[in-house]
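Enquirer: Take a look at the following structure, please.
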Amino acid sequence: ELYLTRPEQGQSDSLELFGWEQLEQLWVRRPTIRFNHKPFSLVLHDIPKLQRIHLDRSQKHRLNLSSLPELSQIKDAIDSSISELSLDVWMPSACWVEALKLDKLPKLHEASFFARDLEQFELGDLPNLKTLELGSYMASTLGDIRAQPVDPSRCKQWINHLGQTTGPQTLMLYELPLGDTDLAPIANNTGIRDLILRECGVRHEQIVAMPMMLGLNRLDLGTCVLHSDEVNQILLRFPNLQSLSADGAQLDQVSLVDQDQLANLEIRELRHIDQVQVIDQPKLRTEFRFSDSPNQLDIRNAPGLRGIVFEKPLRPGYQISGLRDMEWFAGGGPHVTDAIVDSLIQCPSVDCLTLAYPNLSRSALQQ
């Protein structure tokens, strides 16, 4: 193991290590909350036993890591003495980088970087990289976050480069200004299975303009607002999608009929929904919260649904059947009849049931 102290505030420095055959862990840190905006350049090459690098989140870095066959972690934890302070201290969200070059790191599984100042970005041979996070936000010791401005042209360069690589399996982009960025290059990366774009200002039009990604299993759009029937449009663009997350407050229809691969749908509260069709969805495990009762509601053979809430009386003509895993249900009005009870009685996990002003028979109440 090798322990070194990072540069003092306002000073830059560099370290280059080549061919250190016995080195297994490297520490370059300083126990202080003072940021150092002057970069520390770290070049590591051909170190066969190096497993972990421990860096300081308060230090800006220029990292060039290559031919490190055992490297599995680039750690940047906040010093325990800092995290235990009662003060609300703001820190970069992850390892702070100005330049990043990673190549021939076969055991690196995950990496996270604070990318506000990232100018040079290059990923090479990283065959087992499961998760890569690039974000531009500060995080406080009390758990709050604060977005940091980043040049959109740099984000475009990162997107283009990610389209020229294979992997990671999970790509996580946080607080990056991507609202005017062409996301199509990402579709060229056949290794991506999960795409997470949170607080990035992306729009539905950008998503459906991407080429089809047959390998994409999860799409998390954060606060991206969906309208009309845009859930269905996204599912058509990504036909093997198993999980979709977005803001569905402005949706006026949800139609899950022909695609049966979806297992998770997170679209928050549905405030303006008019039509809902959820038919023959054996894998879907989700919940629905309706601010108003849809004019057309047809839920059949969706055994994995966990919960349904109607904040206003149900309208006539609805269908709800084929439930199994329901844990909670709330609905009311004169159109709540014995048919609802007949469906819910098939759900042994129900532990919270609200039926307000229903039109139920005595036998249904006894059940």
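Identifiers for the structure tokens are assigned positionally: chains receive A, B, ... in sequence, residues are indexed from 1 per chain, and ligands are indexed from 1 in the order shown.
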How would you write, as a ChimeraX atom specification, the set of residues in region 29-154 of chain A that DSSP gives as strand (DSSP E)?
Expert: /A:29,36-45,52-55,59-66,73-75,90-92,95-103,110-114,120-123,131-135,137-140,145-147
Enquirer: Within 10 Å of region 167-186 of chain A, which residues of region 28-126 of chain A come that close, and what is the closest atom pair and distance in Å for each? Count only C-alpha atoms and give it as a tab-separated table.
Expert:
```
residue	atom	partner	partner_atom	distance
A:His109	CA	A:Pro168	CA	8.9
A:Glu110	CA	A:Pro168	CA	8.6
A:Ala111	CA	A:Pro168	CA	9.8
A:Ser112	CA	A:Met172	CA	8.9
A:Phe114	CA	A:Tyr174	CA	9.7
A:Ala115	CA	A:Leu176	CA	8.9
A:Arg116	CA	A:Leu176	CA	8.7
A:Leu123	CA	A:Gly167	CA	9.7
A:Asp125	CA	A:Gly167	CA	9.7
A:Leu126	CA	A:Gly167	CA	7.9
```
Enquirer: Name the residues of region 38-277 of chain A that come out as helix (DSSP H, G or I) in a backbone DSSP run; write them as a PyMOL selection string.
Expert: chain A and resi 80-83+152-162+184-188+204-208+230-237
Enquirer: Produce a file of the selected residues containing N, CA and C atoms, as an mmCIF file, in the first residue's frame.
Expert:
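Produced file out-v9.cif, reproduced below:
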```cif
data_model
loop_
_atom_site.group_PDB
_atom_site.id
_atom_site.type_symbol
_atom_site.label_atom_id
_atom_site.label_comp_id
_atom_site.auth_asym_id
_atom_site.auth_seq_id
_atom_site.Cartn_x
_atom_site.Cartn_y
_atom_site.Cartn_z
ATOM 1 N N SER A 80 -14.534 10.532 7.161
ATOM 2 C CA SER A 80 -15.537 10.337 8.216
ATOM 3 C C SER A 80 -15.617 11.522 9.164
ATOM 4 N N SER A 81 -14.489 12.181 9.407
ATOM 5 C CA SER A 81 -14.505 13.331 10.310
ATOM 6 C C SER A 81 -15.306 14.482 9.724
ATOM 7 N N ILE A 82 -15.386 14.546 8.370
ATOM 8 C CA ILE A 82 -16.167 15.590 7.719
ATOM 9 C C ILE A 82 -17.642 15.235 7.738
ATOM 10 N N SER A 83 -17.963 13.976 7.406
ATOM 11 C CA SER A 83 -19.364 13.565 7.330
ATOM 12 C C SER A 83 -20.050 13.617 8.679
ATOM 13 N N PRO A 152 -23.167 22.860 -22.288
ATOM 14 C CA PRO A 152 -23.896 21.853 -23.077
ATOM 15 C C PRO A 152 -23.085 21.269 -24.216
ATOM 16 N N SER A 153 -22.141 22.033 -24.770
ATOM 17 C CA SER A 153 -21.323 21.497 -25.870
ATOM 18 C C SER A 153 -20.440 20.355 -25.393
ATOM 19 N N ARG A 154 -20.005 20.420 -24.143
ATOM 20 C CA ARG A 154 -19.233 19.298 -23.592
ATOM 21 C C ARG A 154 -20.122 18.065 -23.452
ATOM 22 N N CYS A 155 -21.340 18.280 -22.981
ATOM 23 C CA CYS A 155 -22.264 17.153 -22.851
ATOM 24 C C CYS A 155 -22.473 16.476 -24.204
ATOM 25 N N LYS A 156 -22.581 17.253 -25.241
ATOM 26 C CA LYS A 156 -22.743 16.705 -26.585
ATOM 27 C C LYS A 156 -21.551 15.839 -26.946
ATOM 28 N N GLN A 157 -20.336 16.293 -26.611
ATOM 29 C CA GLN A 157 -19.138 15.514 -26.894
ATOM 30 C C GLN A 157 -19.154 14.197 -26.128
ATOM 31 N N TRP A 158 -19.601 14.220 -24.875
ATOM 32 C CA TRP A 158 -19.658 12.990 -24.091
ATOM 33 C C TRP A 158 -20.651 12.007 -24.699
ATOM 34 N N ILE A 159 -21.813 12.522 -25.113
ATOM 35 C CA ILE A 159 -22.825 11.661 -25.723
ATOM 36 C C ILE A 159 -22.274 11.030 -27.003
ATOM 37 N N ASN A 160 -21.606 11.817 -27.815
ATOM 38 C CA ASN A 160 -21.032 11.288 -29.053
ATOM 39 C C ASN A 160 -20.001 10.205 -28.758
ATOM 40 N N HIS A 161 -19.170 10.433 -27.739
ATOM 41 C CA HIS A 161 -18.149 9.434 -27.410
ATOM 42 C C HIS A 161 -18.788 8.157 -26.861
ATOM 43 N N LEU A 162 -19.801 8.295 -26.026
ATOM 44 C CA LEU A 162 -20.471 7.109 -25.486
ATOM 45 C C LEU A 162 -21.106 6.279 -26.594
ATOM 46 N N ALA A 184 -29.319 10.551 -30.178
ATOM 47 C CA ALA A 184 -29.264 9.411 -31.097
ATOM 48 C C ALA A 184 -27.968 8.608 -30.998
ATOM 49 N N PRO A 185 -26.786 9.243 -30.790
ATOM 50 C CA PRO A 185 -25.558 8.428 -30.715
ATOM 51 C C PRO A 185 -25.595 7.343 -29.653
ATOM 52 N N ILE A 186 -26.352 7.572 -28.570
ATOM 53 C CA ILE A 186 -26.412 6.567 -27.507
ATOM 54 C C ILE A 186 -26.922 5.238 -28.047
ATOM 55 N N ALA A 187 -27.818 5.300 -29.030
ATOM 56 C CA ALA A 187 -28.394 4.070 -29.584
ATOM 57 C C ALA A 187 -27.349 3.206 -30.280
ATOM 58 N N ASN A 188 -26.203 3.786 -30.635
ATOM 59 C CA ASN A 188 -25.140 3.005 -31.273
ATOM 60 C C ASN A 188 -24.376 2.156 -30.275
ATOM 61 N N HIS A 204 -39.680 14.303 -24.513
ATOM 62 C CA HIS A 204 -40.177 13.106 -25.184
ATOM 63 C C HIS A 204 -39.736 13.068 -26.644
ATOM 64 N N GLU A 205 -39.724 14.212 -27.301
ATOM 65 C CA GLU A 205 -39.354 14.257 -28.717
ATOM 66 C C GLU A 205 -37.932 13.758 -28.945
ATOM 67 N N GLN A 206 -37.040 14.036 -28.012
ATOM 68 C CA GLN A 206 -35.667 13.552 -28.142
ATOM 69 C C GLN A 206 -35.606 12.030 -28.030
ATOM 70 N N ILE A 207 -36.433 11.490 -27.151
ATOM 71 C CA ILE A 207 -36.389 10.050 -26.900
ATOM 72 C C ILE A 207 -36.916 9.268 -28.101
ATOM 73 N N VAL A 208 -38.057 9.656 -28.623
ATOM 74 C CA VAL A 208 -38.637 8.900 -29.737
ATOM 75 C C VAL A 208 -37.893 9.169 -31.041
ATOM 76 N N GLU A 230 -47.948 9.107 -25.025
ATOM 77 C CA GLU A 230 -46.511 8.993 -25.265
ATOM 78 C C GLU A 230 -45.871 7.793 -24.586
ATOM 79 N N VAL A 231 -46.519 7.216 -23.598
ATOM 80 C CA VAL A 231 -46.009 5.954 -23.043
ATOM 81 C C VAL A 231 -45.974 4.889 -24.134
ATOM 82 N N ASN A 232 -47.037 4.779 -24.872
ATOM 83 C CA ASN A 232 -47.106 3.782 -25.941
ATOM 84 C C ASN A 232 -46.077 4.071 -27.024
ATOM 85 N N GLN A 233 -45.840 5.318 -27.340
ATOM 86 C CA GLN A 233 -44.844 5.665 -28.349
ATOM 87 C C GLN A 233 -43.440 5.223 -27.921
ATOM 88 N N ILE A 234 -43.136 5.410 -26.651
ATOM 89 C CA ILE A 234 -41.828 4.996 -26.140
ATOM 90 C C ILE A 234 -41.682 3.485 -26.190
ATOM 91 N N LEU A 235 -42.731 2.764 -25.834
ATOM 92 C CA LEU A 235 -42.671 1.301 -25.862
ATOM 93 C C LEU A 235 -42.493 0.776 -27.285
ATOM 94 N N LEU A 236 -43.043 1.462 -28.256
ATOM 95 C CA LEU A 236 -42.845 1.064 -29.645
ATOM 96 C C LEU A 236 -41.405 1.314 -30.092
ATOM 97 N N ARG A 237 -40.786 2.375 -29.559
ATOM 98 C CA ARG A 237 -39.411 2.693 -29.924
ATOM 99 C C ARG A 237 -38.431 1.728 -29.282
#
```
Enquirer: List the neighbours of Lys49 (chain A) out to 10 Å using only C-alpha atoms; skip same-chain residues closer than 2 positions along the sequence, and give me the result as a PyMOL selection string.
Expert: chain A and resi 19-25+46-47+51-52+68-71
Enquirer: Measuring between only C-alpha atoms, which one of A:Ser41, A:Thr223, A:Ser343, A:Asn264 shows the shortest distance to Asp247 (chain A)?
Expert: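 Among the listed residues, the smallest separation from Asp247 (chain A) belongs to A:Thr223.
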Enquirer: From the set A:Arg34, A:Arg306, A:His54, A:His45, which residue has the shortest atom-to-atom contact distance to Phe18 (chain A), counting only C-alpha atoms?
Expert: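 Ranking A:Arg34, A:Arg306, A:His54, A:His45 by distance to Phe18 (chain A), first place goes to A:His45.
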Enquirer: Contacts of region 348-351 of chain A at 6 Å or less, counting only C-alpha atoms, minus same-chain residues fewer than 3 places along, as an MDAnalysis selection string?
Expert: chainID A and resid 326:328
Enquirer: Please provide the set of residues having any atom within 12 Å of Asp274 (chain A), restricted to only C-alpha atoms, with same-chain residues fewer than 3 positions apart removed, written as a list in words.
Expert: His227, Ser228, Asp229, Ala249, Gln250, Leu251, Asp252, Gln253, Val254, Ser255, Leu270, Arg271, Gln277, Phe290, Ser291, Asp292, Ser293, Pro294, Asn295, Gln296, Leu297, Asp298 and Arg315 of chain A
Enquirer: When you draw a straight line from CA of Pro92 (chain A) to CA of Glu8 (chain A), how long is it in Å?
Expert: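 Spanning CA of Pro92 (chain A) to CA of Glu8 (chain A) is a straight-line distance of 17.4 Å.
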Enquirer: Counting only C-alpha atoms, which of A:Ile308, A:Cys347, A:Leu105, A:Leu55 gets nearest to Ala330 (chain A)?
Expert: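 Of all the options, A:Ile308 lies closest to Ala330 (chain A).
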